[in-house]
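First comes the structure, then the notes that go with it.
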Amino acid sequence: MKLDHIAIAVKSIEERLKIWQHVLNLKLEFIKDVPDQKVKVAVLNINGQHIELLEPLEETSTISKFIEKKGEGLHHLCFEVENIESMLLNMKKQGIKLIDEVPKIGASGKKIAFIHPKDMGGVLIELSQK
Ligand code: ZN
């Protein structure tokens with residue numbers, strides 16, 4: 001398993017890139033809209049791992065609701081795993097609350113699934129498999 005990305009909810013990607021891209025000097029890989037998830041995403045590369053800045057595209061976006069409730073900040077961690085189905089099954093067997101029991105296809109075409117923050121110390125976890 002390896003850390004794939006850290007996602008941060010922000011009100012304005014343009015505003016936050018001033019720090020992440022220009023002060024910390026991380027390489028911006030791309031910015032794109034993901035309309036099905038109602039977010040705009042900016043992906044920055046740190047030696048093969050990524051920071052994703054997530055900006056809501058509309059008020060009904062889960063990112064909007066997150067920012068309303070908690071303010072800007074850490075949204076989720078994503079771990080890349082070799083076999084997402086067996087990882088989900090294993091976590092379920094151990095009584096960990098899953099958001100997605102079956103993987104879905106994410107914006108980048110990888111299989112992804114979310115684990116509920118309740119059993120993970122309050123941090124939303126995403127699993128992904130190439
Ligand atoms: Zn993610």
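By convention here, the chains of the structure tokens are called A, B, ... in the order presented, each chain's residues are numbered starting at 1, and ligands are numbered starting at 1 in the order presented.
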
- Can you tell me which residues sit at most 10 Å away from ligand 1, counting only C-alpha atoms and all ligand atoms, written as a ChimeraX atom specification? /A:4-8,41,50-54,75-79,106-108,112-114,124-128

Store the residues picked out above, limited to N, CA and C atoms, as a short mmCIF file (atom, residue, chain, number, x, y, z; two decimals), in the first residue's frame.
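Result written to again-v6.cif:
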data_model
loop_
_atom_site.label_atom_id
_atom_site.label_comp_id
_atom_site.auth_asym_id
_atom_site.auth_seq_id
_atom_site.Cartn_x
_atom_site.Cartn_y
_atom_site.Cartn_z
N ASP A 4 -1.28 7.72 -2.01
CA ASP A 4 -1.42 8.23 -3.38
C ASP A 4 -1.63 9.74 -3.38
N HIS A 5 -2.60 10.20 -2.60
CA HIS A 5 -2.77 11.65 -2.50
C HIS A 5 -3.43 12.08 -1.20
N ILE A 6 -3.25 13.35 -0.93
CA ILE A 6 -3.90 14.02 0.19
C ILE A 6 -4.81 15.06 -0.43
N ALA A 7 -6.09 15.03 -0.06
CA ALA A 7 -7.04 15.97 -0.66
C ALA A 7 -7.43 17.04 0.35
N ILE A 8 -7.43 18.27 -0.11
CA ILE A 8 -7.73 19.42 0.74
C ILE A 8 -8.90 20.20 0.13
N VAL A 41 -10.75 20.21 -9.57
CA VAL A 41 -9.61 19.64 -8.86
C VAL A 41 -8.31 20.15 -9.47
N HIS A 50 0.71 12.99 -4.47
CA HIS A 50 -0.03 14.16 -4.93
C HIS A 50 -0.80 14.86 -3.82
N ILE A 51 -0.91 16.18 -4.00
CA ILE A 51 -1.85 16.97 -3.21
C ILE A 51 -2.96 17.35 -4.18
N GLU A 52 -4.19 17.10 -3.79
CA GLU A 52 -5.33 17.50 -4.60
C GLU A 52 -6.07 18.62 -3.89
N LEU A 53 -6.24 19.74 -4.57
CA LEU A 53 -7.07 20.81 -4.02
C LEU A 53 -8.45 20.65 -4.63
N LEU A 54 -9.47 20.57 -3.79
CA LEU A 54 -10.84 20.36 -4.26
C LEU A 54 -11.67 21.61 -4.00
N HIS A 75 -9.44 16.98 3.64
CA HIS A 75 -10.70 16.31 3.29
C HIS A 75 -10.57 14.79 3.33
N HIS A 76 -9.56 14.26 2.66
CA HIS A 76 -9.33 12.81 2.75
C HIS A 76 -7.89 12.44 2.39
N LEU A 77 -7.50 11.22 2.81
CA LEU A 77 -6.24 10.62 2.38
C LEU A 77 -6.58 9.49 1.44
N CYS A 78 -5.77 9.29 0.41
CA CYS A 78 -6.01 8.18 -0.50
C CYS A 78 -4.82 7.23 -0.53
N PHE A 79 -5.10 5.95 -0.30
CA PHE A 79 -4.08 4.92 -0.37
C PHE A 79 -4.28 4.08 -1.62
N GLY A 106 -13.35 6.08 -10.53
CA GLY A 106 -13.09 7.49 -10.21
C GLY A 106 -12.80 8.33 -11.44
N ALA A 107 -12.57 9.61 -11.20
CA ALA A 107 -12.35 10.57 -12.29
C ALA A 107 -11.14 10.20 -13.16
N SER A 108 -10.14 9.55 -12.53
CA SER A 108 -8.94 9.23 -13.31
C SER A 108 -9.00 7.83 -13.91
N ILE A 112 -12.08 3.10 -7.24
CA ILE A 112 -11.95 3.77 -5.93
C ILE A 112 -13.10 3.38 -4.99
N ALA A 113 -12.87 3.53 -3.71
CA ALA A 113 -13.91 3.32 -2.70
C ALA A 113 -13.55 4.15 -1.48
N PHE A 114 -14.60 4.65 -0.79
CA PHE A 114 -14.37 5.45 0.41
C PHE A 114 -14.71 4.67 1.68
N LEU A 124 -11.57 10.83 6.57
CA LEU A 124 -12.14 10.11 5.43
C LEU A 124 -10.98 9.46 4.64
N ILE A 125 -11.12 8.17 4.33
CA ILE A 125 -10.07 7.46 3.61
C ILE A 125 -10.60 7.00 2.26
N GLU A 126 -9.80 7.18 1.24
CA GLU A 126 -10.13 6.68 -0.09
C GLU A 126 -9.13 5.57 -0.42
N LEU A 127 -9.63 4.48 -0.99
CA LEU A 127 -8.73 3.45 -1.51
C LEU A 127 -8.78 3.55 -3.02
N SER A 128 -7.66 3.30 -3.67
CA SER A 128 -7.71 3.28 -5.13
C SER A 128 -6.82 2.16 -5.66
#

- Message: Which of chain A end up as strand (DSSP E) when DSSP is run on this backbone - answer as a ChimeraX atom specification?
- Response: /A:2-9,27-34,39-46,49-56,73-80,104-105,111-115,124-129

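Residues of stretch 3-110 of chain A carrying a DSSP assignment of alpha helix (DSSP H), computed from the backbone, are Ile13, Glu14, Glu15, Arg16, Leu17, Thr62, Ile63, Ser64, Lys65, Phe66, Ile67, Glu68, Lys69, Lys70, Ile84, Glu85, Ser86, Met87, Leu88, Leu89, Asn90, Met91, Lys92 and Lys93 of chain A.
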
- Note on the structure: The residue from A:Met91, A:Lys104, A:Glu72, A:Lys11 with the smallest atom-to-atom distance to A:Glu58, counting only C-alpha atoms, is A:Lys11

- Message: Residues within 8 Å of stretch 65-69 of chain A, please, as a PyMOL selection string. Count only C-alpha atoms; anything in the same chain fewer than 6 positions from it doesn't count.
- Response: chain A and resi 9-11+59

Just the selected residues (all heavy atoms), exported as a CSV table (one decimal), in the first residue's frame, please.
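As a result, part02.csv now contains:
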chain,number,residue,atom,x,y,z
A,9,ALA,N,-9.9,20.4,1.0
A,9,ALA,CA,-11.1,21.2,0.5
A,9,ALA,C,-10.7,22.7,0.6
A,9,ALA,O,-10.3,23.2,1.6
A,9,ALA,CB,-12.3,20.9,1.4
A,10,VAL,N,-10.9,23.4,-0.5
A,10,VAL,CA,-10.6,24.9,-0.6
A,10,VAL,C,-11.8,25.6,-1.2
A,10,VAL,O,-12.5,25.1,-2.0
A,10,VAL,CB,-9.3,25.2,-1.3
A,10,VAL,CG1,-8.1,24.5,-0.7
A,10,VAL,CG2,-9.4,24.8,-2.8
A,11,LYS,N,-11.9,26.9,-0.8
A,11,LYS,CA,-13.0,27.7,-1.4
A,11,LYS,C,-12.6,28.1,-2.8
A,11,LYS,O,-13.4,28.2,-3.7
A,11,LYS,CB,-13.2,28.9,-0.6
A,11,LYS,CG,-13.9,28.6,0.7
A,11,LYS,CD,-14.2,29.9,1.6
A,11,LYS,CE,-14.7,29.5,2.9
A,11,LYS,NZ,-14.6,30.6,3.9
A,59,GLU,N,-23.2,24.7,-4.9
A,59,GLU,CA,-23.5,24.6,-3.5
A,59,GLU,C,-24.0,23.2,-3.0
A,59,GLU,O,-23.9,22.9,-1.8
A,59,GLU,CB,-24.6,25.6,-3.1
A,59,GLU,CG,-24.0,27.0,-2.9
A,59,GLU,CD,-25.0,28.1,-2.6
A,59,GLU,OE1,-26.1,27.7,-2.2
A,59,GLU,OE2,-24.6,29.3,-2.7

- Which polymer residues have any atom within 10 Å of an atom of A:Leu44, counting only C-alpha atoms, with same-chain residues fewer than 4 positions away left out, as a list in words? His5, Leu17, Trp20, Gln21, Asn25, Leu26, Lys27, Leu28, Glu29, Phe30, Ile31, Gly48, Gln49, His50, Ile51, Glu52 and Leu53 of chain A

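Relative to atom CA of A:Asp33, atom CA of A:Lys70 is found at 22.9 Å.
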
- Query: In Å, with one decimal, what is the gap from atom CA of A:Asn90 to atom CA of A:Gly109?
  - Reply: 23.5 Å

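Coordinates place atom CA of A:Glu82 at a distance of 9.6 Å from atom CA of A:Lys2.
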
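Comparing the minimum interatomic distances between A:Ile84 and each of A:Ile105, A:Leu24, A:Ala42, A:Ile96, counting only C-alpha atoms, we find that A:Ile105 sits nearest.
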
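Between A:Leu3 and the residues A:Val81, A:Val34, A:Leu57, A:Ile63, the shortest atom-to-atom distance, using only C-alpha atoms, involves A:Val81.
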